[in-house]
Every structure is written in structure tokens, then in C-alpha cells.
$ cat entry.pdb   # PDB, C-alpha atoms and all ligand atoms
ATOM      1  CA  MET A   1      -2.345  30.041  -2.436
ATOM      2  CA  ARG A   2      -6.021  30.430  -3.292
ATOM      3  CA  PHE A   3      -8.393  31.125  -0.404
ATOM      4  CA  ALA A   4     -12.183  30.826  -0.368
ATOM      5  CA  LEU A   5     -14.508  31.986   2.412
ATOM      6  CA  THR A   6     -17.466  29.828   3.463
ATOM      7  CA  VAL A   7     -20.827  31.517   3.026
ATOM      8  CA  ALA A   8     -24.450  30.413   3.445
ATOM      9  CA  THR A   9     -27.689  32.006   2.367
ATOM     10  CA  PRO A  10     -30.015  33.796   4.850
ATOM     11  CA  GLY A  11     -31.779  31.521   7.318
ATOM     12  CA  ALA A  12     -28.941  28.979   7.554
ATOM     13  CA  LEU A  13     -28.395  27.684  11.097
ATOM     14  CA  PRO A  14     -25.303  28.660  13.128
ATOM     15  CA  SER A  15     -24.227  25.036  12.600
ATOM     16  CA  ALA A  16     -23.400  25.985   9.013
ATOM     17  CA  PHE A  17     -20.098  27.301  10.488
ATOM     18  CA  VAL A  18     -19.915  30.234   8.105
ATOM     19  CA  VAL A  19     -18.988  33.881   8.482
ATOM     20  CA  TYR A  20     -21.820  35.289   6.384
ATOM     21  CA  ARG A  21     -25.428  34.168   6.183
ATOM     22  CA  LEU A  22     -26.408  36.741   3.604
ATOM     23  CA  PRO A  23     -27.839  37.010   0.108
ATOM     24  CA  LEU A  24     -24.953  36.167  -2.242
ATOM     25  CA  LEU A  25     -25.463  39.525  -3.958
ATOM     26  CA  GLU A  26     -24.368  41.173  -0.699
ATOM     27  CA  ALA A  27     -21.743  38.696   0.462
ATOM     28  CA  LEU A  28     -19.701  38.162  -2.703
ATOM     29  CA  PRO A  29     -18.645  41.773  -3.426
ATOM     30  CA  LYS A  30     -17.527  42.138   0.229
ATOM     31  CA  ILE A  31     -15.461  38.956   0.046
ATOM     32  CA  ALA A  32     -13.829  39.915  -3.238
ATOM     33  CA  ALA A  33     -12.934  43.364  -1.881
ATOM     34  CA  MET A  34     -11.224  41.768   1.138
ATOM     35  CA  GLY A  35      -8.889  39.793  -1.117
ATOM     36  CA  TYR A  36     -10.412  36.313  -1.188
ATOM     37  CA  ASP A  37     -10.158  34.366  -4.453
ATOM     38  CA  GLY A  38     -13.331  32.373  -4.023
ATOM     39  CA  VAL A  39     -16.400  31.441  -2.069
ATOM     40  CA  GLU A  40     -17.364  28.037  -0.649
ATOM     41  CA  LEU A  41     -21.125  27.705  -0.690
ATOM     42  CA  ALA A  42     -22.605  25.880   2.310
ATOM     43  CA  LEU A  43     -25.996  24.738   1.027
ATOM     44  CA  LEU A  44     -28.990  22.763   2.220
ATOM     45  CA  ASP A  45     -30.956  22.614  -0.994
ATOM     46  CA  ARG A  46     -30.344  23.365  -4.669
ATOM     47  CA  SER A  47     -33.227  25.865  -4.675
ATOM     48  CA  GLN A  48     -31.075  28.228  -2.594
ATOM     49  CA  VAL A  49     -29.058  29.340  -5.611
ATOM     50  CA  ASP A  50     -30.041  30.781  -8.952
ATOM     51  CA  ILE A  51     -27.211  29.429 -11.094
ATOM     52  CA  ALA A  52     -27.479  31.998 -13.897
ATOM     53  CA  GLN A  53     -27.526  34.925 -11.461
ATOM     54  CA  LEU A  54     -24.660  33.416  -9.462
ATOM     55  CA  LYS A  55     -22.507  32.903 -12.573
ATOM     56  CA  HIS A  56     -23.058  36.532 -13.471
ATOM     57  CA  LEU A  57     -22.058  37.604  -9.956
ATOM     58  CA  LEU A  58     -18.936  35.424 -10.054
ATOM     59  CA  ALA A  59     -17.887  36.979 -13.356
ATOM     60  CA  GLU A  60     -18.458  40.471 -11.945
ATOM     61  CA  THR A  61     -16.525  39.881  -8.723
ATOM     62  CA  GLY A  62     -13.799  37.633 -10.197
ATOM     63  CA  LEU A  63     -14.523  34.980  -7.548
ATOM     64  CA  SER A  64     -14.641  31.198  -8.128
ATOM     65  CA  VAL A  65     -16.579  28.512  -6.264
ATOM     66  CA  PRO A  66     -14.068  25.719  -5.518
ATOM     67  CA  VAL A  67     -16.424  23.694  -3.290
ATOM     68  CA  VAL A  68     -20.107  23.268  -2.461
ATOM     69  CA  SER A  69     -20.346  22.033   1.136
ATOM     70  CA  THR A  70     -23.196  19.986   2.489
ATOM     71  CA  GLY A  71     -23.061  19.933   6.306
ATOM     72  CA  GLN A  72     -26.527  21.513   6.395
ATOM     73  CA  VAL A  73     -28.094  18.417   4.816
ATOM     74  CA  PHE A  74     -27.121  16.743   8.116
ATOM     75  CA  ALA A  75     -27.473  19.643  10.569
ATOM     76  CA  ALA A  76     -30.660  21.243   9.208
ATOM     77  CA  GLY A  77     -32.060  18.487   6.968
ATOM     78  CA  ASN A  78     -31.670  15.865   9.730
ATOM     79  CA  CYS A  79     -30.525  13.111   7.437
ATOM     80  CA  SER A  80     -27.380  11.134   6.709
ATOM     81  CA  PHE A  81     -25.987   8.280   4.626
ATOM     82  CA  ALA A  82     -25.442   6.240   7.814
ATOM     83  CA  SER A  83     -29.106   6.190   8.812
ATOM     84  CA  ALA A  84     -30.648   2.789   9.475
ATOM     85  CA  ASP A  85     -33.919   4.142   8.041
ATOM     86  CA  PRO A  86     -33.909   3.656   4.238
ATOM     87  CA  GLN A  87     -36.277   6.624   3.767
ATOM     88  CA  ILE A  88     -33.991   9.000   5.640
ATOM     89  CA  ARG A  89     -31.016   7.708   3.731
ATOM     90  CA  ALA A  90     -32.861   8.179   0.429
ATOM     91  CA  LYS A  91     -33.714  11.738   1.453
ATOM     92  CA  ALA A  92     -30.032  12.435   2.245
ATOM     93  CA  GLU A  93     -29.004  11.084  -1.162
ATOM     94  CA  ALA A  94     -31.724  13.055  -2.976
ATOM     95  CA  MET A  95     -30.733  16.342  -1.311
ATOM     96  CA  PHE A  96     -27.059  15.646  -1.940
ATOM     97  CA  SER A  97     -27.818  14.776  -5.584
ATOM     98  CA  GLY A  98     -29.384  18.199  -6.096
ATOM     99  CA  LEU A  99     -26.251  19.810  -4.700
ATOM    100  CA  ILE A 100     -24.077  17.669  -7.010
ATOM    101  CA  GLU A 101     -25.884  19.317  -9.920
ATOM    102  CA  VAL A 102     -25.158  22.770  -8.488
ATOM    103  CA  ALA A 103     -21.475  21.854  -8.020
ATOM    104  CA  GLY A 104     -21.300  20.489 -11.570
ATOM    105  CA  GLU A 105     -22.731  23.710 -12.992
ATOM    106  CA  LEU A 106     -20.219  25.802 -11.075
ATOM    107  CA  GLY A 107     -17.114  23.671 -11.724
ATOM    108  CA  ALA A 108     -16.873  23.052  -7.960
ATOM    109  CA  ARG A 109     -16.143  19.921  -5.957
ATOM    110  CA  ILE A 110     -18.690  18.709  -3.392
ATOM    111  CA  ASN A 111     -17.850  17.716   0.174
ATOM    112  CA  VAL A 112     -19.071  14.899   2.378
ATOM    113  CA  GLY A 113     -18.546  16.002   5.962
ATOM    114  CA  ARG A 114     -21.138  15.435   8.667
ATOM    115  CA  VAL A 115     -23.724  14.188   6.136
ATOM    116  CA  ARG A 116     -22.114  10.737   6.213
ATOM    117  CA  GLY A 117     -23.632  10.380   9.699
ATOM    118  CA  SER A 118     -22.664   8.509  12.848
ATOM    119  CA  ILE A 119     -22.426   4.913  14.029
ATOM    120  CA  VAL A 120     -24.525   5.636  17.154
ATOM    121  CA  PRO A 121     -27.549   5.296  16.921
ATOM    122  CA  ASN A 122     -27.513   3.718  13.457
ATOM    123  CA  GLY A 123     -26.073   0.246  14.115
ATOM    124  CA  SER A 124     -22.639  -1.359  14.166
ATOM    125  CA  ARG A 125     -19.487   0.157  12.671
ATOM    126  CA  GLY A 126     -19.617  -2.505   9.938
ATOM    127  CA  GLU A 127     -23.250  -1.751   9.011
ATOM    128  CA  VAL A 128     -22.607   1.968   8.871
ATOM    129  CA  GLU A 129     -19.469   1.496   6.796
ATOM    130  CA  VAL A 130     -21.417  -0.540   4.203
ATOM    131  CA  ARG A 131     -24.201   2.074   4.007
ATOM    132  CA  VAL A 132     -21.883   5.056   3.725
ATOM    133  CA  ALA A 133     -19.689   3.325   1.126
ATOM    134  CA  ASP A 134     -22.803   2.393  -0.922
ATOM    135  CA  SER A 135     -24.031   5.995  -0.865
ATOM    136  CA  LEU A 136     -20.601   7.274  -1.873
ATOM    137  CA  ARG A 137     -20.479   4.803  -4.751
ATOM    138  CA  ARG A 138     -23.898   5.854  -6.074
ATOM    139  CA  LEU A 139     -23.295   9.566  -5.548
ATOM    140  CA  GLY A 140     -19.745   9.303  -6.902
ATOM    141  CA  ASP A 141     -21.175   7.969 -10.180
ATOM    142  CA  LYS A 142     -23.694  10.798 -10.304
ATOM    143  CA  ALA A 143     -20.904  13.308  -9.535
ATOM    144  CA  LYS A 144     -18.804  11.953 -12.396
ATOM    145  CA  GLN A 145     -21.754  12.274 -14.795
ATOM    146  CA  SER A 146     -22.257  15.862 -13.609
ATOM    147  CA  GLY A 147     -18.604  16.783 -14.120
ATOM    148  CA  THR A 148     -17.723  17.090 -10.447
ATOM    149  CA  SER A 149     -16.156  14.965  -7.720
ATOM    150  CA  ILE A 150     -16.788  14.173  -4.072
ATOM    151  CA  ILE A 151     -14.229  14.970  -1.364
ATOM    152  CA  LEU A 152     -14.458  13.316   2.070
ATOM    153  CA  GLU A 153     -13.816  15.373   5.208
ATOM    154  CA  PRO A 154     -12.580  13.731   8.416
ATOM    155  CA  VAL A 155     -14.586  15.376  11.244
ATOM    156  CA  ASN A 156     -13.763  15.309  14.966
ATOM    157  CA  ARG A 157     -15.336  12.852  17.417
ATOM    158  CA  TYR A 158     -17.469  15.454  19.206
ATOM    159  CA  GLU A 159     -19.533  15.992  16.035
ATOM    160  CA  ILE A 160     -19.470  12.545  14.378
ATOM    161  CA  ASP A 161     -18.239   9.148  15.582
ATOM    162  CA  PHE A 162     -17.203   7.768  12.168
ATOM    163  CA  LEU A 163     -14.074   8.741  10.141
ATOM    164  CA  ASN A 164     -12.469  11.251  12.479
ATOM    165  CA  SER A 165      -8.832  11.296  11.322
ATOM    166  CA  CYS A 166      -7.212  11.486   7.890
ATOM    167  CA  GLN A 167      -5.793   7.992   8.392
ATOM    168  CA  GLU A 168      -9.283   6.575   9.072
ATOM    169  CA  ALA A 169     -10.712   8.297   5.987
ATOM    170  CA  VAL A 170      -7.919   7.061   3.711
ATOM    171  CA  ASP A 171      -8.211   3.497   5.069
ATOM    172  CA  PHE A 172     -12.019   3.508   4.712
ATOM    173  CA  LEU A 173     -11.784   4.660   1.083
ATOM    174  CA  ALA A 174      -9.125   2.038   0.259
ATOM    175  CA  ARG A 175     -11.073  -0.815   1.942
ATOM    176  CA  ASN A 176     -14.185   0.039  -0.058
ATOM    177  CA  GLY A 177     -12.652   0.504  -3.496
ATOM    178  CA  LEU A 178     -13.273   4.259  -3.353
ATOM    179  CA  ALA A 179      -9.673   5.448  -3.499
ATOM    180  CA  GLU A 180     -10.459   7.850  -6.353
ATOM    181  CA  ILE A 181     -12.313   9.987  -3.783
ATOM    182  CA  LYS A 182      -9.966  12.599  -2.344
ATOM    183  CA  ILE A 183      -9.962  13.714   1.263
ATOM    184  CA  MET A 184     -10.412  17.257   2.578
ATOM    185  CA  PRO A 185      -8.624  17.694   5.876
ATOM    186  CA  ASP A 186      -9.839  20.475   8.187
ATOM    187  CA  VAL A 187      -7.054  21.695  10.474
ATOM    188  CA  PHE A 188      -9.605  22.381  13.258
ATOM    189  CA  HIS A 189     -10.503  18.666  13.283
ATOM    190  CA  MET A 190      -6.876  17.560  12.692
ATOM    191  CA  ASN A 191      -5.861  19.467  15.824
ATOM    192  CA  ILE A 192      -8.135  17.110  17.785
ATOM    193  CA  GLU A 193      -7.732  13.830  15.888
ATOM    194  CA  ASP A 194      -4.451  13.608  13.951
ATOM    195  CA  PRO A 195      -0.969  12.990  15.362
ATOM    196  CA  SER A 196       0.390  16.037  13.504
ATOM    197  CA  ILE A 197      -1.267  18.733  11.395
ATOM    198  CA  GLU A 198       1.785  19.558   9.275
ATOM    199  CA  GLY A 199       2.926  15.921   9.137
ATOM    200  CA  GLY A 200      -0.537  14.705   8.084
ATOM    201  CA  LEU A 201      -0.957  17.310   5.362
ATOM    202  CA  MET A 202       2.484  16.485   3.930
ATOM    203  CA  ARG A 203       1.944  12.737   4.175
ATOM    204  CA  TRP A 204      -1.431  12.762   2.441
ATOM    205  CA  ILE A 205      -0.710  15.531  -0.058
ATOM    206  CA  ASP A 206      -1.489  13.378  -3.130
ATOM    207  CA  ARG A 207      -4.864  12.428  -1.639
ATOM    208  CA  ILE A 208      -5.977  15.943  -0.704
ATOM    209  CA  GLY A 209      -8.513  17.829  -2.851
ATOM    210  CA  TYR A 210      -9.191  20.790  -0.544
ATOM    211  CA  ILE A 211      -8.304  21.954   2.982
ATOM    212  CA  HIS A 212     -10.401  23.787   5.594
ATOM    213  CA  PHE A 213      -8.647  26.357   7.771
ATOM    214  CA  ALA A 214      -9.929  27.570  11.142
ATOM    215  CA  ASP A 215      -7.993  28.244  14.303
ATOM    216  CA  SER A 216      -8.020  25.872  17.322
ATOM    217  CA  ASN A 217     -11.188  27.563  18.662
ATOM    218  CA  ARG A 218     -12.770  27.763  15.198
ATOM    219  CA  HIS A 219     -12.220  31.524  15.243
ATOM    220  CA  PHE A 220     -10.347  33.302  12.450
ATOM    221  CA  PRO A 221      -6.746  32.133  11.890
ATOM    222  CA  GLY A 222      -4.614  34.171  14.270
ATOM    223  CA  ASP A 223      -7.186  34.139  17.109
ATOM    224  CA  GLY A 224      -6.297  30.708  18.515
ATOM    225  CA  HIS A 225      -3.167  28.623  19.057
ATOM    226  CA  LEU A 226      -2.595  26.975  15.657
ATOM    227  CA  ASP A 227       0.580  28.122  13.886
ATOM    228  CA  PHE A 228      -0.479  28.984  10.326
ATOM    229  CA  SER A 229       3.062  29.975   9.362
ATOM    230  CA  LYS A 230       4.056  26.330   9.929
ATOM    231  CA  ILE A 231       0.906  24.861   8.337
ATOM    232  CA  ILE A 232       1.303  26.953   5.179
ATOM    233  CA  ALA A 233       5.063  26.278   5.016
ATOM    234  CA  ALA A 234       4.307  22.531   5.204
ATOM    235  CA  ILE A 235       1.825  22.504   2.316
ATOM    236  CA  ASN A 236       4.014  24.851   0.267
ATOM    237  CA  ALA A 237       6.945  22.491   0.803
ATOM    238  CA  VAL A 238       4.981  19.721  -0.950
ATOM    239  CA  ALA A 239       3.683  22.099  -3.647
ATOM    240  CA  TYR A 240      -0.016  22.052  -2.650
ATOM    241  CA  LYS A 241      -1.974  23.282  -5.668
ATOM    242  CA  GLU A 242      -5.587  23.003  -4.522
ATOM    243  CA  TRP A 243      -7.744  25.546  -2.666
ATOM    244  CA  VAL A 244      -8.018  26.374   1.014
ATOM    245  CA  GLY A 245     -11.474  27.175   2.452
ATOM    246  CA  VAL A 246     -11.695  29.447   5.488
ATOM    247  CA  GLU A 247     -14.450  27.875   7.617
ATOM    248  CA  ILE A 248     -14.733  29.953  10.783
ATOM    249  CA  LEU A 249     -17.255  31.287  13.280
ATOM    250  CA  PRO A 250     -18.405  34.904  12.855
ATOM    251  CA  TYR A 251     -16.616  36.223  15.979
ATOM    252  CA  PRO A 252     -16.272  38.907  17.166
ATOM    253  CA  ASP A 253     -18.480  39.916  14.199
ATOM    254  CA  PRO A 254     -18.667  38.662  10.604
ATOM    255  CA  ASP A 255     -16.730  41.495   8.939
ATOM    256  CA  THR A 256     -13.884  41.415  11.466
ATOM    257  CA  ALA A 257     -13.623  37.615  11.296
ATOM    258  CA  ALA A 258     -13.494  37.603   7.476
ATOM    259  CA  ARG A 259     -11.017  40.469   7.246
ATOM    260  CA  GLU A 260      -8.682  39.271  10.021
ATOM    261  CA  ALA A 261      -8.603  35.729   8.609
ATOM    262  CA  ILE A 262      -7.354  36.745   5.178
ATOM    263  CA  ARG A 263      -5.011  39.382   6.630
ATOM    264  CA  HIS A 264      -3.343  36.755   8.844
ATOM    265  CA  LEU A 265      -3.122  34.096   6.129
ATOM    266  CA  ARG A 266      -1.698  36.451   3.483
ATOM    267  CA  ARG A 267       1.267  37.076   5.784
ATOM    268  CA  PHE A 268       2.377  33.531   4.947
ATOM    269  CA  ALA A 269       0.868  32.801   1.524
TER     270      ALA A 269
HETATM  271  C1  LIG A 301     -17.970  20.381  10.536
HETATM  272  O1  LIG A 301     -17.296  20.513  11.729
HETATM  273  C2  LIG A 301     -17.117  20.792   9.407
HETATM  274  O2  LIG A 301     -15.942  21.037   9.539
HETATM  275  C3  LIG A 301     -17.754  20.870   8.116
HETATM  276  O3  LIG A 301     -16.851  21.329   7.170
HETATM  277  C4  LIG A 301     -18.289  19.506   7.735
HETATM  278  O4  LIG A 301     -19.638  19.442   7.812
HETATM  279 MN    MN A 302     -14.686  21.702   7.919
END

$ encode --input "entry.pdb" --output "C-alpha cells" --more "lines below"
Ligand code: LER
Ligand code: MN
Amino acid sequence: MRFALTVATPGALPSAFVVYRLPLLEALPKIAAMGYDGVELALLDRSQVDIAQLKHLLAETGLSVPVVSTGQVFAAGNCSFASADPQIRAKAEAMFSGLIEVAGELGARINVGRVRGSIVPNGSRGEVEVRVADSLRRLGDKAKQSGTSIILEPVNRYEIDFLNSCQEAVDFLARNGLAEIKIMPDVFHMNIEDPSIEGGLMRWIDRIGYIHFADSNRHFPGDGHLDFSKIIAAINAVAYKEWVGVEILPYPDPDTAAREAIRHLRRFA
């Protein structure tokens, strides 16, 4: 199984949910030495990465970038596709568009997590669904032109009130003619929203483009009460071929969290 660690550049907010907020020149060699196969870049703006320098660094460290994640466009950029304000929505799409170009350059997918936004305070469920589906249609076209694809992450109800479970995400995509968009379950959110983590991952395997791992408390796998031996056995049983991103809090400290996560997961994969 291929594992990536989520990383942001210096200055990112704690809401980026990453282990390292460091210059990539510092973070990537550490991650490679620990035994990760890749790095998921949690970005706010395309100006945060120098593509040529990053490609050089990836070649040197042997790491790949499977996914560019975009939660910061919501958490730090204060905008979403659900917004009732057309200017805010346009800003969300413009920032996301820049990150699509980064993902395209790196051969990575791009995630839509919190940036889709919430129903409250933006209107009715129906209005929000139309806005988010419209944005995904426009950005999906741009992603295709840039050689990348969007993946949609169900996120738990305490962060976002729209598309919380895998079932809701799959139904939303089908209803809106967007079924070519894959989902990216996060086991931290599934533990809150889905009837079964292992059952959901096996059921939706053909629709899954990427998976986030964190333990029940969002600490490193092994520091909470999720059973990663069972989760990994379930996705192995259905021959999961895509990447897993380790999206955890930097506790007790970044180096320990990163090292303990991969040590625990490699026991099973
Ligand atoms: C947020 O909780 C999360 O899991 C991110 O991957 C999405 O923004
Ligand atoms: Mn996640």
C-alpha cells in the first residue's frame, strides 16, 4: 500500500490538519527517510509552491504527490462553493482553479473537502446542492483540461453540514450527473457518520480515488480506538490500488506523530 503524509507550507493554520508546516525542502527529506511513499500538499494558493523546485525535490527524495488538498481555501481563505454571495463563490472557484493547475503539473488529484461549504447560513439544502454541483461541473471541466481529476471527501457534521457520509456523497454525485467524480473517504469522518468503516470502504471500492487515515481522535494511527488491522485487511480484500493519505494532528510532536503513524500502518500493509 502506498502512504502519503499531509504537509503544508509555513504559516498554514492548525486547521490544515497536517503534521508538518515547514518549507518543503525541510519536510520532504524527513518524510522520505521515515518510509512514506508520497506527500499530500495542503495548499491555500498556487503561489505557495515553486513547481520546478518541487519536481526536483520529488525526484531527489523519490516521493510522489498523489493529492493536492484544498481545505485551507475554506478554513483560511474563508470561501466556499456553497456561498450565497456570488463574489465569494467566484473567489473560491478562482483559488481552487489555481490549485487545479498545480495538481495537473504534479500528476496529482485534487480534493474537495470543506471547500464545498455548508447549508447554514447559505440557504436551503436544494439551493446549496445546485451551487455546489455547478461549481463541481465547471471545475471538473477545468480539471480534465489540466490532466487531473477532482475527488469529493465526505466530512463529518461538526465541520460541515452537507455531504457527511459516503452514501450522501455518492447519491449527490449520481443525482447531479457527476458520477465520474470519485469519492475520498476519511476514516476519521466515517467513524462518526458511516454505519461501518470496513463495510463502507468495501462497498464503495470502485468509487474511491483516495482514502484519508487518522485515528478516532485524529492522532496518529495506533493512538486512538480505530482498528487499522481490520481497515487495511478490508481494503486489501477488495484489491484497493489507490493511495492512502495520513492526515493527522501533530501530537505529541510532529516527528513522533509522523514516525509512529507509518510504523503502525506498516505492521499491516
Ligand atoms: C477535514 O476534516 C478533512 O478531513 C479534510 O481532509 C477536508 O478538508
Ligand atoms: Mn480528511

$ residues_near_point --input "entry.pdb" --point "(-33.3, -0.4, 5.7)" --cutoff "12 Å" --atoms "all atoms listed in the file" --output "CSV table (one decimal) with C-alpha atoms, in the coordinates of the input"
chain,number,residue,atom,x,y,z
A,81,PHE,CA,-26.0,8.3,4.6
A,82,ALA,CA,-25.4,6.2,7.8
A,83,SER,CA,-29.1,6.2,8.8
A,84,ALA,CA,-30.6,2.8,9.5
A,85,ASP,CA,-33.9,4.1,8.0
A,86,PRO,CA,-33.9,3.7,4.2
A,87,GLN,CA,-36.3,6.6,3.8
A,88,ILE,CA,-34.0,9.0,5.6
A,89,ARG,CA,-31.0,7.7,3.7
A,90,ALA,CA,-32.9,8.2,0.4
A,122,ASN,CA,-27.5,3.7,13.5
A,123,GLY,CA,-26.1,0.2,14.1
A,127,GLU,CA,-23.2,-1.8,9.0
A,128,VAL,CA,-22.6,2.0,8.9
A,130,VAL,CA,-21.4,-0.5,4.2
A,131,ARG,CA,-24.2,2.1,4.0

$ residues_near_point --input "entry.pdb" --point "(-16.8, 40.6, -6.7)" --cutoff "6 Å" --atoms "all atoms listed in the file" --output "PyMOL selection string"
chain A and resi 28-29+32+60-62

$ closest_residue --input "entry.pdb" --among "A:Ile192, A:Gly200, A:Ala133, A:Glu40" --to "Ala174 (chain A)" --atoms "all atoms listed in the file"
A:Ala133

$ closest_residue --input "entry.pdb" --among "A:Val238, A:Thr70, A:Phe3, A:Gly147" --to "Ala16 (chain A)" --atoms "all atoms listed in the file"
A:Thr70

$ closest_residue --input "entry.pdb" --among "A:Asp255, A:Glu93, A:Glu153, A:Asp215" --to "ligand LIG 301 (chain A)" --atoms "only C-alpha atoms and all ligand atoms"
A:Glu153

$ residues_around --input "entry.pdb" --residues "region 155-160 of chain A" --least-positions-apart "4" --cutoff "7 Å" --atoms "only C-alpha atoms" --output "list in words"
Gly113, Arg114, Gly117, Ser118, Asn164, His189, Ile192 and Glu193 of chain A

$ write_last_selection --input "entry.pdb" --atoms "C-alpha atoms" --output "compact mmCIF listing (two decimals), keeping the file's coordinate frame"
# COMPACT_ATOMS: atom_id res chain seq x y z
CA GLY A 113 -18.55 16.00 5.96
CA ARG A 114 -21.14 15.44 8.67
CA GLY A 117 -23.63 10.38 9.70
CA SER A 118 -22.66 8.51 12.85
CA ASN A 164 -12.47 11.25 12.48
CA HIS A 189 -10.50 18.67 13.28
CA ILE A 192 -8.14 17.11 17.78
CA GLU A 193 -7.73 13.83 15.89

$ residues_around --input "entry.pdb" --residues "His225 (chain A)" --least-positions-apart "2" --cutoff "8 Å" --atoms "only C-alpha atoms" --output "list in words"
Asp215, Ser216, Gly222, Asp223 and Asp227 of chain A

$ write_last_selection --input "entry.pdb" --atoms "C-alpha atoms" --output "compact mmCIF listing (two decimals), in the coordinates of the input"
# COMPACT_ATOMS: atom_id res chain seq x y z
CA ASP A 215 -7.99 28.24 14.30
CA SER A 216 -8.02 25.87 17.32
CA GLY A 222 -4.61 34.17 14.27
CA ASP A 223 -7.19 34.14 17.11
CA ASP A 227 0.58 28.12 13.89

$ atom_distance --input "entry.pdb" --atom1 "CA of Leu139 (chain A)" --atom2 "CA of Asn78 (chain A)"
18.5 Å

$ residues_near_ligand --input "entry.pdb" --ligand "ligand LIG 301 (chain A)" --cutoff "10 Å" --atoms "only C-alpha atoms and all ligand atoms" --output "JSON, numbers by chain"
{"A": [6, 15, 16, 17, 18, 42, 69, 70, 71, 72, 73, 74, 75, 111, 112, 113, 114, 115, 116, 152, 153, 154, 155, 156, 157, 158, 159, 160, 184, 185, 186, 187, 188, 189, 211, 212, 213, 214, 218, 245, 246, 247, 248]}

$ write_last_selection --input "entry.pdb" --atoms "C-alpha atoms" --output "compact mmCIF listing (two decimals), in the frame of the given file"
# COMPACT_ATOMS: atom_id res chain seq x y z
CA THR A 6 -17.47 29.83 3.46
CA SER A 15 -24.23 25.04 12.60
CA ALA A 16 -23.40 25.98 9.01
CA PHE A 17 -20.10 27.30 10.49
CA VAL A 18 -19.92 30.23 8.10
CA ALA A 42 -22.60 25.88 2.31
CA SER A 69 -20.35 22.03 1.14
CA THR A 70 -23.20 19.99 2.49
CA GLY A 71 -23.06 19.93 6.31
CA GLN A 72 -26.53 21.51 6.40
CA VAL A 73 -28.09 18.42 4.82
CA PHE A 74 -27.12 16.74 8.12
CA ALA A 75 -27.47 19.64 10.57
CA ASN A 111 -17.85 17.72 0.17
CA VAL A 112 -19.07 14.90 2.38
CA GLY A 113 -18.55 16.00 5.96
CA ARG A 114 -21.14 15.44 8.67
CA VAL A 115 -23.72 14.19 6.14
CA ARG A 116 -22.11 10.74 6.21
CA LEU A 152 -14.46 13.32 2.07
CA GLU A 153 -13.82 15.37 5.21
CA PRO A 154 -12.58 13.73 8.42
CA VAL A 155 -14.59 15.38 11.24
CA ASN A 156 -13.76 15.31 14.97
CA ARG A 157 -15.34 12.85 17.42
CA TYR A 158 -17.47 15.45 19.21
CA GLU A 159 -19.53 15.99 16.04
CA ILE A 160 -19.47 12.54 14.38
CA MET A 184 -10.41 17.26 2.58
CA PRO A 185 -8.62 17.69 5.88
CA ASP A 186 -9.84 20.48 8.19
CA VAL A 187 -7.05 21.70 10.47
CA PHE A 188 -9.60 22.38 13.26
CA HIS A 189 -10.50 18.67 13.28
CA ILE A 211 -8.30 21.95 2.98
CA HIS A 212 -10.40 23.79 5.59
CA PHE A 213 -8.65 26.36 7.77
CA ALA A 214 -9.93 27.57 11.14
CA ARG A 218 -12.77 27.76 15.20
CA GLY A 245 -11.47 27.18 2.45
CA VAL A 246 -11.70 29.45 5.49
CA GLU A 247 -14.45 27.88 7.62
CA ILE A 248 -14.73 29.95 10.78

$ residues_around --input "entry.pdb" --residues "Leu173 (chain A)" --least-positions-apart "5" --cutoff "10 Å" --atoms "only C-alpha atoms" --output "PDB file with C-alpha atoms, keeping the file's coordinate frame"
ATOM      1  CA  ALA A 133     -19.689   3.325   1.126  1.00  0.00           C
ATOM      2  CA  LEU A 136     -20.601   7.274  -1.873  1.00  0.00           C
ATOM      3  CA  LEU A 152     -14.458  13.316   2.070  1.00  0.00           C
ATOM      4  CA  GLU A 168      -9.283   6.575   9.072  1.00  0.00           C
ATOM      5  CA  LEU A 178     -13.273   4.259  -3.353  1.00  0.00           C
ATOM      6  CA  ALA A 179      -9.673   5.448  -3.499  1.00  0.00           C
ATOM      7  CA  GLU A 180     -10.459   7.850  -6.353  1.00  0.00           C
ATOM      8  CA  ILE A 181     -12.313   9.987  -3.783  1.00  0.00           C
ATOM      9  CA  LYS A 182      -9.966  12.599  -2.344  1.00  0.00           C
ATOM     10  CA  ILE A 183      -9.962  13.714   1.263  1.00  0.00           C
TER      11      ILE A 183
END

$ residues_around --input "entry.pdb" --residues "Val49 (chain A)" --least-positions-apart "3" --cutoff "10 Å" --atoms "all atoms listed in the file" --output "VMD selection string"
chain A and resid 9 23 to 24 41 43 45 to 46 52 to 54 99 102

$ residues_around --input "entry.pdb" --residues "Ser229 (chain A)" --least-positions-apart "2" --cutoff "9 Å" --atoms "all atoms listed in the file" --output "list in words"
Leu226, Asp227, Ile231, Ile232, Ala233, Ala234, Leu265, Arg267, Phe268 and Ala269 of chain A
